[in-house]
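What follows is one structure encoded as structure tokens, with my remarks underneath.
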Amino acid sequence: ERMSSCFVPNGASLEDCHSNIFCLADLTGIKWRRFVWQGPTSSPILFPVTEEDPILCSFSRCLAADVLSVWRRHHTPGRRELWLFWWGDDPSFAELIHNELSSEENGEWESGLSYECRTLLFKAIHNLLERCLMNRGFVRIGKWFVKPYQKEEKIINKSEHLSCAFTFFVHGDSNVCTSVEIAQHQPLQRLGEEHLSLAQQSSSPLQGGSSQKFMFYLHALHIVWKCLEPLWGKNAQEKSKG
């Protein structure tokens with residue numbers, strides 16, 4: 001009684017406060033399904049990325065349809081999985097999933113959400129965030145999403161050069177939240193034709209200090225560019241024919 005009588009409300013309000021934690025979704029009613037593709041067991045660990053790949057083809061369709069999805073390799077050689085998450089009515093699996101994939105598991109919120117399933121859901125949400133940020137000109141470096149500096153925006157010394165990263169957790173029984181981390185980074189620019197031209201003009205990239213080291217990186221990039229240019233050109237020709 002004595003303590004309660006001494007308590008005086010200070011009228012504090014959170015209306016003008018800011019937070020880096022945001023609630024993204026309520027897991028109540030969520031559903032999921034796991035699809036599996038068994039490739040040849042003699043295949044290399046790293047599969048070639050092609051448009052005909054059943055897993056990547058299905059994953060790309062899900063992203064385009066804004067369906068939460070994530071794929072992963074299985075410990076069984078040649079085996080990979082595609083996980084889909086959604087609320088409400090089932091998506092059109094016939095339009096999204098390649099015919100070589102088979103459905104092996106499905107579940108819903110009422111049956112419980114395991115740690116493995118929750119982790120994959122976080123990755124699926126991260127994939128969706130990554131797609132949205134990429135469409136807005138961001139690039140991903142490790143866990144960080146960075147917007148490259150553009151000369152026409154601001155003077156480089158007056159630009160903020162901010163980057164962001166996301167971590168996810170479940171708050172309470174069913175609220176998926178994200179913690180947004182903001183940091184500053186060194187100025188980052190997209191490589192263009194002027195950089196490649198500069199690399200071609202470099203005759204002795206191994207001599208000198210830091211500027212020459214940068215030239216060496218450009219020189220190495222030019223070599224990689226020349227190796228991949230025929231593949232990119234072939235892909236562009238196939239797309240123009242289509």
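Chain labels run A, B, ... following the order of the structure tokens; each chain numbers its residues from 1, and ligands are numbered from 1 in the order shown.
Neighbouring residues of Ser60 (chain A) at 12 Å or closer, counting only C-alpha atoms and skipping chain neighbours under 2 positions away, are Val49, Thr50, Glu51, Glu52, Asp53, Pro54, Ile55, Leu56, Cys57, Ser58, Cys62, Leu63, Ala64, Ala65, Asp66, Val67, Leu68, Ser69, Val70, Trp71, Leu82, Glu95, Leu96, Ile97, His98, Asn127, Leu128 and Arg131 of chain A.
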Sorted per-residue table, region 83-119 of chain A near region 158-172 of chain A, closest atoms and distance, 12 Å, only C-alpha atoms, as JSON lines:
{"residue": "A:Leu113", "atom": "CA", "partner": "A:Val170", "partner_atom": "CA", "distance": 11.2}
{"residue": "A:Tyr115", "atom": "CA", "partner": "A:Val170", "partner_atom": "CA", "distance": 10.9}
{"residue": "A:Arg118", "atom": "CA", "partner": "A:Val170", "partner_atom": "CA", "distance": 8.9}
{"residue": "A:Thr119", "atom": "CA", "partner": "A:Phe168", "partner_atom": "CA", "distance": 9.0}
For this session: Going by DSSP on the backbone, which bits of region 97-162 of chain A are helix (DSSP H, G or I)? Write them as a PyMOL selection string, please.
Result: chain A and resi 109-111+115-135+156-158
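When DSSP reads the backbone of this structure, the residues of region 40-123 of chain A it assigns to strand (DSSP E or B) are Leu68, Ser69, Val70, Trp71, Arg72, Arg73, Arg79, Arg80, Glu81, Leu82, Trp83, Leu84, Phe85, Trp86, Trp87, Ser102, Ser103, Glu104, Glu105, Asn106, Gly107 and Glu108 of chain A.
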Problem set entry | 7 Å contact set for region 146-148 of chain A, only C-alpha atoms, chain neighbours under 4 positions out, as a count of residues only | 10
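The spacing separating CA of Cys23 (chain A) from CA of Gly88 (chain A) amounts to 19.5 Å.
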For this session: Considering only C-alpha atoms, return as JSON, numbers by chain whatever protein or nucleic-acid residues lie within 9 Å of Trp37 (chain A), sequence-local ones (same chain, fewer than 2 positions apart) excluded.
Result: {"A": [35, 39, 54, 55, 78, 79, 80, 81, 82, 100, 101, 102]}
Could the residues in this selection be saved with N, CA and C atoms as a JSON list (two decimals), in the first residue's frame?
[["chain", "number", "residue", "atom", "x", "y", "z"],
["A", 35, "PHE", "N", 8.57, -29.49, -51.18],
["A", 35, "PHE", "CA", 8.72, -30.24, -52.43],
["A", 35, "PHE", "C", 10.17, -30.71, -52.56],
["A", 39, "GLY", "N", 17.98, -35.32, -58.03],
["A", 39, "GLY", "CA", 18.81, -35.34, -59.22],
["A", 39, "GLY", "C", 19.73, -36.55, -59.22],
["A", 54, "PRO", "N", 14.86, -27.67, -62.26],
["A", 54, "PRO", "CA", 13.50, -27.77, -61.71],
["A", 54, "PRO", "C", 13.30, -26.97, -60.42],
["A", 55, "ILE", "N", 14.29, -27.01, -59.52],
["A", 55, "ILE", "CA", 14.17, -26.30, -58.25],
["A", 55, "ILE", "C", 14.22, -24.79, -58.47],
["A", 78, "GLY", "N", 22.62, -35.10, -54.63],
["A", 78, "GLY", "CA", 21.71, -34.83, -55.72],
["A", 78, "GLY", "C", 20.30, -34.42, -55.31],
["A", 79, "ARG", "N", 20.03, -34.37, -54.03],
["A", 79, "ARG", "CA", 18.68, -34.09, -53.55],
["A", 79, "ARG", "C", 18.57, -32.64, -53.06],
["A", 80, "ARG", "N", 17.50, -31.95, -53.48],
["A", 80, "ARG", "CA", 17.25, -30.59, -53.04],
["A", 80, "ARG", "C", 15.77, -30.40, -52.72],
["A", 81, "GLU", "N", 15.50, -29.39, -51.88],
["A", 81, "GLU", "CA", 14.14, -29.17, -51.39],
["A", 81, "GLU", "C", 13.69, -27.74, -51.67],
["A", 82, "LEU", "N", 12.39, -27.58, -51.90],
["A", 82, "LEU", "CA", 11.77, -26.26, -52.04],
["A", 82, "LEU", "C", 10.63, -26.17, -51.04],
["A", 100, "GLU", "N", 8.70, -32.14, -62.24],
["A", 100, "GLU", "CA", 9.65, -33.12, -61.75],
["A", 100, "GLU", "C", 9.78, -33.10, -60.23],
["A", 101, "LEU", "N", 9.14, -32.12, -59.58],
["A", 101, "LEU", "CA", 9.18, -32.03, -58.12],
["A", 101, "LEU", "C", 8.02, -32.82, -57.52],
["A", 102, "SER", "N", 8.27, -33.45, -56.39],
["A", 102, "SER", "CA", 7.22, -34.21, -55.70],
["A", 102, "SER", "C", 7.00, -33.62, -54.31]]
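The interatomic distance for the pair CA of Glu104 (chain A) and CA of Leu24 (chain A) works out to 28.3 Å.
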Problem set entry | Of the listed residues A:Ile125, A:Gln150, A:Gln186, A:Ser19, that which approaches Phe85 (chain A) most closely, counting only C-alpha atoms | A:Ile125
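Closest to Thr178 (chain A) among A:Gln38, A:Arg72, A:Lys123, A:Ile30 is A:Lys123, based on only C-alpha atoms.
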For this session: Do a neighbour search on Asp26 (chain A) at 8 Å with only C-alpha atoms, toss out local chain neighbours closer than 4 positions, and write the hits as a list in words.
Result: Ser174, Asn175 and Val176 of chain A
Exercise. Which one of A:Phe145, A:Gly112, A:Phe59, A:Ala25 sits closest to Cys132 (chain A) if you count only C-alpha atoms?
Worked result: A:Phe145
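Put simply, CA of Val36 (chain A) is 9.9 Å away from CA of Arg73 (chain A).
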